$ cat input34.cif   # mmCIF, C-alpha atoms and all ligand atoms
data_final
#
loop_
_atom_site.label_atom_id
_atom_site.label_comp_id
_atom_site.auth_asym_id
_atom_site.auth_seq_id
_atom_site.Cartn_x
_atom_site.Cartn_y
_atom_site.Cartn_z
CA MET X 223 72.77 54.36 67.50
CA ASN X 224 74.15 54.78 64.01
CA ASN X 225 76.86 52.16 63.40
CA SER X 226 78.37 54.23 60.58
CA LEU X 227 79.63 56.54 63.35
CA PHE X 228 82.34 53.92 63.98
CA ASP X 229 82.87 52.84 60.36
CA LEU X 230 86.35 53.65 59.06
CA SER X 231 85.86 52.27 55.53
CA GLY X 232 87.76 54.30 52.96
CA GLN X 233 89.91 55.98 55.61
CA VAL X 234 93.65 55.70 56.03
CA ALA X 235 95.39 55.42 59.40
CA ILE X 236 99.06 55.74 60.24
CA VAL X 237 99.90 53.75 63.37
CA THR X 238 103.50 54.30 64.46
CA GLY X 239 105.44 51.48 66.12
CA THR X 240 103.60 48.48 64.66
CA SER X 241 106.41 45.91 64.79
CA ARG X 242 104.93 44.50 68.03
CA GLY X 243 102.81 45.21 71.10
CA LEU X 244 100.05 47.77 71.48
CA GLY X 245 100.72 49.31 68.05
CA GLN X 246 99.60 46.05 66.45
CA TYR X 247 96.47 45.95 68.65
CA PHE X 248 95.55 49.51 67.62
CA ALA X 249 96.25 48.80 63.94
CA MET X 250 94.13 45.64 63.94
CA ALA X 251 91.20 47.37 65.65
CA LEU X 252 91.25 50.16 63.03
CA ALA X 253 91.60 47.66 60.16
CA LYS X 254 88.62 45.65 61.46
CA ALA X 255 86.61 48.90 61.52
CA GLY X 256 87.49 49.35 57.82
CA ALA X 257 90.66 51.47 57.71
CA ASP X 258 93.63 50.96 55.41
CA LEU X 259 96.94 51.22 57.21
CA VAL X 260 100.40 52.69 57.19
CA LEU X 261 102.62 50.53 59.43
CA THR X 262 105.98 51.74 60.73
CA SER X 263 109.14 50.50 62.37
CA ARG X 264 112.82 51.47 62.48
CA ASP X 265 113.32 48.11 60.77
CA ARG X 266 110.84 47.91 57.89
CA ALA X 267 111.51 44.19 57.31
CA SER X 268 110.13 43.44 60.78
CA LEU X 269 106.66 44.52 59.58
CA ALA X 270 106.35 41.90 56.80
CA SER X 271 104.33 39.26 58.64
CA PHE X 272 102.02 41.80 60.30
CA GLU X 273 101.42 43.47 56.93
CA LYS X 274 100.24 40.08 55.63
CA GLU X 275 97.79 39.79 58.56
CA VAL X 276 96.31 43.17 57.62
CA HIS X 277 96.02 42.17 53.95
CA ALA X 278 94.24 38.98 55.04
CA LEU X 279 91.45 41.19 56.42
CA GLY X 280 91.03 42.68 52.94
CA ARG X 281 92.65 46.00 53.85
CA ARG X 282 95.46 47.81 52.09
CA ALA X 283 98.66 48.33 54.07
CA VAL X 284 102.08 49.81 53.38
CA SER X 285 105.11 49.38 55.62
CA LEU X 286 107.40 52.37 56.07
CA GLU X 287 110.60 53.03 57.95
CA LEU X 288 110.32 55.52 60.80
CA ASP X 289 112.66 56.61 63.56
CA VAL X 290 110.83 59.22 65.65
CA LYS X 291 114.17 60.50 66.99
CA ASN X 292 115.10 61.63 63.49
CA GLN X 293 113.24 64.58 61.96
CA GLU X 294 114.13 63.67 58.36
CA SER X 295 112.81 60.17 58.92
CA ILE X 296 109.52 61.62 60.23
CA GLU X 297 109.09 63.93 57.24
CA ARG X 298 109.96 61.13 54.80
CA MET X 299 107.43 58.76 56.39
CA ALA X 300 104.65 61.37 56.24
CA ALA X 301 105.43 62.18 52.59
CA GLU X 302 105.57 58.50 51.60
CA ALA X 303 102.32 57.76 53.42
CA GLU X 304 100.59 60.60 51.59
CA ALA X 305 102.08 59.51 48.25
CA ALA X 306 100.84 55.94 48.83
CA PHE X 307 97.25 56.80 49.79
CA GLY X 308 96.56 60.43 48.82
CA GLN X 309 95.03 61.35 52.19
CA ILE X 310 95.73 60.44 55.80
CA HIS X 311 92.65 60.59 58.02
CA ILE X 312 93.95 59.09 61.27
CA LEU X 313 97.24 59.10 63.16
CA VAL X 314 97.89 56.91 66.19
CA ASN X 315 101.08 58.22 67.77
CA ASN X 316 102.10 54.97 69.46
CA ALA X 317 105.89 54.55 69.02
CA GLY X 318 107.56 54.79 72.40
CA CYS X 319 110.09 53.45 74.86
CA ASN X 320 110.81 53.29 78.58
CA VAL X 321 113.78 53.17 80.94
CA ARG X 322 112.90 51.90 84.43
CA LYS X 323 115.36 53.14 87.06
CA PRO X 324 115.35 54.82 90.45
CA ALA X 325 115.40 58.57 89.80
CA LEU X 326 118.87 58.95 91.34
CA ASP X 327 120.31 56.53 88.74
CA VAL X 328 118.76 58.19 85.66
CA THR X 329 121.47 59.51 83.34
CA TRP X 330 121.37 62.47 80.98
CA ASP X 331 121.24 59.99 78.07
CA ASP X 332 118.38 57.97 79.65
CA TRP X 333 116.37 61.16 79.99
CA ASN X 334 117.03 62.28 76.42
CA HIS X 335 116.28 58.83 75.00
CA VAL X 336 112.87 58.54 76.68
CA VAL X 337 111.72 62.14 76.35
CA ASP X 338 113.04 62.56 72.79
CA THR X 339 111.28 59.38 71.68
CA ASN X 340 107.97 59.70 73.49
CA LEU X 341 107.37 63.45 73.66
CA ARG X 342 109.46 65.18 70.97
CA GLY X 343 108.88 62.27 68.58
CA SER X 344 105.11 62.31 69.06
CA PHE X 345 105.00 66.08 68.56
CA PHE X 346 106.95 66.10 65.30
CA VAL X 347 105.07 63.11 63.88
CA ALA X 348 101.80 64.90 64.73
CA GLN X 349 103.09 68.11 63.14
CA ALA X 350 104.18 66.41 59.89
CA VAL X 351 100.90 64.53 59.56
CA ALA X 352 98.68 67.42 60.73
CA ARG X 353 100.10 69.68 57.99
CA ARG X 354 98.65 67.22 55.50
CA MET X 355 95.37 66.73 57.42
CA ILE X 356 94.83 70.48 57.69
CA ALA X 357 95.27 70.83 53.91
CA LYS X 358 92.29 68.44 53.54
CA GLY X 359 90.30 69.92 56.46
CA TYR X 360 89.99 66.63 58.37
CA GLY X 361 91.97 64.55 60.82
CA ARG X 362 91.87 62.43 63.95
CA ILE X 363 95.07 62.32 66.00
CA VAL X 364 95.29 59.84 68.88
CA ASN X 365 98.36 60.32 71.06
CA ILE X 366 99.19 57.35 73.24
CA GLY X 367 99.63 58.33 76.87
CA SER X 368 99.58 56.11 79.93
CA VAL X 369 98.33 56.01 83.52
CA THR X 370 101.64 57.78 84.15
CA SER X 371 100.11 60.75 82.28
CA VAL X 372 98.03 61.33 85.41
CA PHE X 373 99.80 59.35 88.18
CA GLY X 374 103.29 59.30 89.66
CA TYR X 375 105.24 56.03 89.87
CA ALA X 376 108.67 55.55 91.45
CA GLY X 377 111.17 54.27 88.88
CA LEU X 378 109.45 55.98 85.95
CA ALA X 379 110.59 59.62 86.20
CA PRO X 380 111.53 60.32 82.55
CA TYR X 381 108.72 58.11 81.28
CA GLY X 382 106.12 59.78 83.51
CA ALA X 383 107.40 63.21 82.49
CA SER X 384 107.07 62.27 78.82
CA ARG X 385 103.55 60.86 79.30
CA GLY X 386 102.38 63.81 81.41
CA GLY X 387 103.77 65.95 78.59
CA ILE X 388 101.74 63.98 76.06
CA ARG X 389 98.55 64.81 77.96
CA GLN X 390 99.40 68.52 77.98
CA LEU X 391 100.57 68.45 74.35
CA THR X 392 97.25 66.88 73.40
CA MET X 393 95.34 69.81 74.88
CA SER X 394 97.58 72.39 73.19
CA LEU X 395 97.34 70.73 69.77
CA ALA X 396 93.59 70.30 70.12
CA ASP X 397 93.28 74.05 70.65
CA ASP X 398 95.63 74.80 67.75
CA TRP X 399 94.11 72.49 65.13
CA GLY X 400 90.42 72.19 66.06
CA LYS X 401 89.50 75.05 63.74
CA HIS X 402 91.00 73.06 60.84
CA GLY X 403 88.83 69.98 61.39
CA VAL X 404 91.54 68.04 63.22
CA THR X 405 90.78 66.59 66.65
CA VAL X 406 93.57 65.54 69.00
CA ASN X 407 93.01 63.21 71.93
CA CYS X 408 95.11 61.06 74.22
CA LEU X 409 94.37 57.37 74.76
CA ALA X 410 96.02 56.34 78.01
CA PRO X 411 96.34 52.57 78.51
CA GLY X 412 96.80 51.05 81.94
CA TRP X 413 98.94 47.94 82.42
CA PHE X 414 99.26 45.68 79.37
CA ARG X 415 101.89 42.95 79.11
CA THR X 416 104.16 43.59 76.11
CA GLU X 417 107.84 43.34 75.16
CA GLN X 418 108.41 46.70 76.86
CA ASN X 419 107.45 45.45 80.34
CA LYS X 420 107.31 41.63 80.17
CA VAL X 421 110.02 41.27 82.80
CA LEU X 422 107.62 42.68 85.40
CA TYR X 423 105.02 40.00 84.68
CA GLU X 424 107.56 37.24 85.40
CA ASP X 425 107.29 38.16 89.11
CA GLN X 426 104.02 36.69 90.44
CA GLU X 427 104.25 38.69 93.66
CA TRP X 428 104.28 41.89 91.62
CA VAL X 429 101.41 40.66 89.39
CA ASP X 430 99.28 39.96 92.50
CA TYR X 431 100.13 43.40 93.85
CA LEU X 432 99.12 44.99 90.53
CA ILE X 433 95.85 43.09 90.24
CA ASP X 434 94.94 44.01 93.80
CA ARG X 435 95.02 47.68 92.76
CA ILE X 436 93.02 47.31 89.55
CA PRO X 437 89.29 47.63 90.25
CA VAL X 438 88.33 45.10 87.51
CA LYS X 439 90.96 42.68 88.93
CA ARG X 440 93.08 41.89 85.88
CA PRO X 441 95.74 43.52 83.68
CA GLY X 442 94.69 44.72 80.23
CA GLN X 443 94.12 42.31 77.34
CA PRO X 444 94.81 43.27 73.71
CA HIS X 445 91.18 43.79 72.71
CA ASP X 446 90.44 46.02 75.72
CA LEU X 447 91.79 48.94 73.69
CA ASP X 448 89.75 48.34 70.52
CA GLY X 449 86.66 50.36 71.40
CA ALA X 450 88.58 53.41 72.62
CA VAL X 451 90.89 53.67 69.62
CA VAL X 452 88.06 53.21 67.11
CA PHE X 453 85.96 55.78 68.97
CA LEU X 454 88.74 58.39 68.99
CA ALA X 455 89.58 57.66 65.33
CA SER X 456 86.02 57.87 64.05
CA GLU X 457 83.12 60.22 63.38
CA ALA X 458 81.70 59.13 66.75
CA SER X 459 84.18 61.39 68.57
CA ARG X 460 83.71 64.45 66.33
CA TYR X 461 82.98 66.79 69.28
CA VAL X 462 85.65 65.32 71.56
CA THR X 463 89.07 66.96 71.49
CA GLY X 464 91.91 67.64 73.90
CA GLN X 465 90.78 64.79 76.17
CA THR X 466 92.64 61.96 77.85
CA LEU X 467 90.73 58.67 77.87
CA LEU X 468 92.10 56.19 80.40
CA VAL X 469 91.61 52.53 79.49
CA ASP X 470 93.06 50.99 82.59
CA GLY X 471 90.54 48.79 84.42
CA GLY X 472 90.12 51.70 86.81
CA ILE X 473 93.61 51.81 88.35
CA SER X 474 93.64 55.59 87.89
CA THR X 475 90.79 55.88 90.40
CA GLY X 476 93.56 55.78 92.98
CA ALA X 477 92.89 52.21 94.08
CA MET X 478 94.42 52.82 97.48
CA ARG X 479 92.90 51.04 100.45
CA ALA X 480 91.25 53.49 102.79
CA THR X 481 89.68 50.90 105.11
CA VAL X 482 92.59 48.83 106.46
CA ASN X 483 91.13 45.57 105.00
CA ARG X 484 87.82 45.92 106.87
CA PRO X 485 84.57 46.32 104.91
CA LEU X 486 82.84 49.68 105.35
CA SER X 487 79.68 47.89 106.59
CA SER X 488 81.51 46.82 109.76
CA GLY X 489 81.43 50.38 110.99
CA ASN X 490 84.85 51.46 109.78
CA LYS X 491 84.19 55.15 110.45
CA ALA X 492 86.75 57.92 110.43
N1 LIG A 1 102.44 48.15 77.52
C1 LIG A 1 101.83 48.97 78.35
O1 LIG A 1 101.33 48.58 79.40
C2 LIG A 1 101.71 50.44 78.00
C3 LIG A 1 100.87 51.22 78.79
C4 LIG A 1 100.72 52.56 78.48
C5 LIG A 1 101.37 53.11 77.40
N2 LIG A 1 102.21 52.33 76.63
C6 LIG A 1 102.83 52.97 75.48
O2 LIG A 1 102.26 52.41 74.32
C7 LIG A 1 103.24 52.36 73.28
C8 LIG A 1 103.43 50.93 72.82
O3 LIG A 1 103.88 50.19 73.95
P1 LIG A 1 104.28 48.66 73.89
O4 LIG A 1 104.13 48.15 75.26
O5 LIG A 1 103.58 48.02 72.75
O6 LIG A 1 105.85 48.79 73.59
P2 LIG A 1 106.83 47.88 72.73
O7 LIG A 1 106.34 46.49 72.68
O8 LIG A 1 108.20 48.13 73.25
O9 LIG A 1 106.72 48.53 71.26
C9 LIG A 1 107.21 49.80 71.04
C10 LIG A 1 107.03 50.18 69.58
O10 LIG A 1 107.56 51.50 69.40
C11 LIG A 1 108.49 51.49 68.34
N3 LIG A 1 109.60 52.41 68.60
C12 LIG A 1 110.39 52.48 69.70
N4 LIG A 1 111.32 53.46 69.54
C13 LIG A 1 111.09 54.01 68.32
C14 LIG A 1 111.70 55.05 67.56
N5 LIG A 1 112.78 55.75 68.02
N6 LIG A 1 111.19 55.35 66.36
C15 LIG A 1 110.14 54.70 65.86
N7 LIG A 1 109.52 53.68 66.49
C16 LIG A 1 110.00 53.35 67.71
C17 LIG A 1 109.00 50.06 68.23
O11 LIG A 1 109.33 49.83 66.87
P3 LIG A 1 110.76 49.32 66.32
O12 LIG A 1 111.57 48.86 67.52
O13 LIG A 1 110.40 48.19 65.42
O14 LIG A 1 111.32 50.51 65.63
C18 LIG A 1 107.78 49.24 68.65
O15 LIG A 1 106.98 48.92 67.53
C19 LIG A 1 104.51 52.97 73.85
O16 LIG A 1 104.54 54.33 73.53
C20 LIG A 1 104.32 52.75 75.35
O17 LIG A 1 105.08 53.64 76.11
C21 LIG A 1 102.38 51.01 76.92
#

$ encode --input "input34.cif" --output "C-alpha cells"
Amino acid sequence: MNNSLFDLSGQVAIVTGTSRGLGQYFAMALAKAGADLVLTSRDRASLASFEKEVHALGRRAVSLELDVKNQESIERMAAEAEAAFGQIHILVNNAGCNVRKPALDVTWDDWNHVVDTNLRGSFFVAQAVARRMIAKGYGRIVNIGSVTSVFGYAGLAPYGASRGGIRQLTMSLADDWGKHGVTVNCLAPGWFRTEQNKVLYEDQEWVDYLIDRIPVKRPGQPHDLDGAVVFLASEASRYVTGQTLLVDGGISTGAMRATVNRPLSSGNKA
C-alpha cells in the first residue's frame, strides 16, 4: 500500500460549518493528513480558537464568513478562498441543520429552513467551488449525508428529505463533473453526539435503545470519521464517484430483531 495515496500535503480543503461539531472533526482529519484549510461559519469570530488549533499543526488556515442560505455569501466565500490559496482541491459540504418534529407539526418555514440549508445550500456551494475545480481539472467533493439518506425516521421528515436529496444530488453531480476530474461522493455519518442533537443523549433510555440497534454497540466518536473523509478527499478514491459511504457502526444494516430475543442456534426457524 502506497501511503502517499492518503497524503494531502500541498492541498487545500474548504470545510463548511467548522464552528463546532463534525465540521471540526473533518477539518482536523484533513489537516493531519497534510491539507491547508478554509474554515467557515456565519459568525467568523467563532472560528478564531479552532483556527489556532489548525495552525498549531503547522497548517495554513483562513476563516471566512458563509451563510449557505445566501447565494451572494456562497459566491463571496468561494472567491475569497480561491484568492487566499490559488486552488481549492477539496470541498467538504458539511454545514447543516435539523428540526425534529412530528410530520403533522412541520411548518412551511421549518421545511424551507432545513431543505434550503442542507440541500439547496450544499448544491450551490458545490457549484461555486466546482466551477473553480473544473478550471484546474481536479477536485474532490464530499457531501455530508446521514443514515437518513437511506433510512426513514419518524420526526425527521424535512431532514430525511434533504439527506436523501444529498445522496441523489451526489450521483447527479458525479455524472456531470467526472469528465472534468472532479469526483463527488457522499459521506453519511450515523449517530454522533454534537450540539445539533445533544438533547437526545441526555435521555439514557433513548441512548440504550440506540446502542441496542448499532451492531458495534456504541454511538460514533469523533475520530471514527477520519479514515472515510481522508479517503474520499484523497488520491486513494480516484476511481470512486457518486457513492454514499455510511460510517455508522452498521445501524444502516437494518438492525431490527428478527428472532424475538432468542438465539438462532436454539432452533428459531420460520
Ligand atoms: N451529529 C450527527 O450525528 C450527524 C449525523 C449525520 C449527519 N450530520 C450532519 O453533519 C453536519 C454537521 O453536524 P453537527 O452535528 O456537527 O451539527 P452542528 O453541531 O449543529 O454544526 C452545524 C454547523 O453547520 C453550520 N451551519 C448551520 N447553518 C448554516 C448556514 N445557514 N450557513 C452556513 N453554515 C451553517 C454551523 O455554523 P454556524 O452556526 O457557526 O454558522 C455549524 O458549524 C450537518 O450537516 C448534520 O446534519 C450530523

$ residues_around --input "input34.cif" --residues "X:Ala301" --least-positions-apart "3" --cutoff "12 Å" --atoms "only C-alpha atoms" --output "list in words"
Ile236, Val260, Leu286, Glu287, Leu288, Glu294, Ser295, Ile296, Glu297, Arg298, Glu304, Ala305, Ala306, Phe307, Gly308, Gln309, Ile310, Val347, Ala350, Val351, Ala352, Arg353 and Arg354 of chain X

$ residues_near_ligand --input "input34.cif" --ligand "ligand LIG 1 (chain A)" --cutoff "7 Å" --atoms "all atoms listed in the file" --output "PyMOL selection string"
chain X and resi 238-245+263-265+268+288-291+316-320+339-340+366-369+410-419

$ closest_residue --input "input34.cif" --among "X:Val469, X:Ala357, X:Ala303, X:Leu326" --to "X:Val404" --atoms "all atoms listed in the file"
X:Ala357

$ closest_residue --input "input34.cif" --among "X:Leu391, X:Val406, X:Ala253, X:Val237" --to "X:Leu313" --atoms "only C-alpha atoms"
X:Val237

$ atom_distance --input "input34.cif" --atom1 "atom CA of X:Asn315" --atom2 "atom CA of X:Gly476"
26.4 Å

$ closest_residue --input "input34.cif" --among "X:Gly343, X:Pro444, X:Gly449, X:Gly387" --to "X:Cys408" --atoms "all atoms listed in the file"
X:Gly387

$ atom_distance --input "input34.cif" --atom1 "atom CA of X:Ser456" --atom2 "atom CA of X:Gly386"
24.6 Å

$ closest_residue --input "input34.cif" --among "X:Leu395, X:Ala283, X:Val336, X:Leu467" --to "X:Leu378" --atoms "all atoms listed in the file"
X:Val336

$ closest_residue --input "input34.cif" --among "X:Ala257, X:Ala455, X:His335, X:Ala348" --to "X:Met299" --atoms "only C-alpha atoms"
X:Ala348

$ residues_around --input "input34.cif" --residues "X:Arg460" --least-positions-apart "6" --cutoff "12 Å" --atoms "all atoms listed in the file" --output "list in words"
Leu227, Phe228, Tyr360, Gly361, Arg362, Ile363, Gly400, Gly403, Val404, Thr405, Val406, Asn407, Phe453 and Leu454 of chain X

$ atom_distance --input "input34.cif" --atom1 "atom CA of X:Glu302" --atom2 "atom CA of X:Leu269"
16.1 Å

$ closest_residue --input "input34.cif" --among "X:Gln443, X:Val452, X:Val438, X:Ala300" --to "X:Ala255" --atoms "only C-alpha atoms"
X:Val452

$ axis_aligned_box --input "input34.cif" --around "stretch 375-388 of chain X" --padding-each-side "5 Å" --output "lines of an AutoDock Vina configuration file"
center_x = 106.6
center_y = 60.1
center_z = 83.8
size_x = 19.8
size_y = 21.7
size_z = 25.4

$ residues_around --input "input34.cif" --residues "X:His445" --least-positions-apart "5" --cutoff "9 Å" --atoms "only C-alpha atoms" --output "JSON, numbers by chain"
{"X": [247, 248, 251]}

$ residues_around --input "input34.cif" --residues "X:Arg282" --least-positions-apart "4" --cutoff "8 Å" --atoms "all atoms listed in the file" --output "PyMOL selection string"
chain X and resi 258-259+276-277

$ residues_around --input "input34.cif" --residues "X:Gln390" --least-positions-apart "4" --cutoff "12 Å" --atoms "all atoms listed in the file" --output "PyMOL selection string"
chain X and resi 341+345+365+367+371-372+383-386+394-397+406-408+464-466
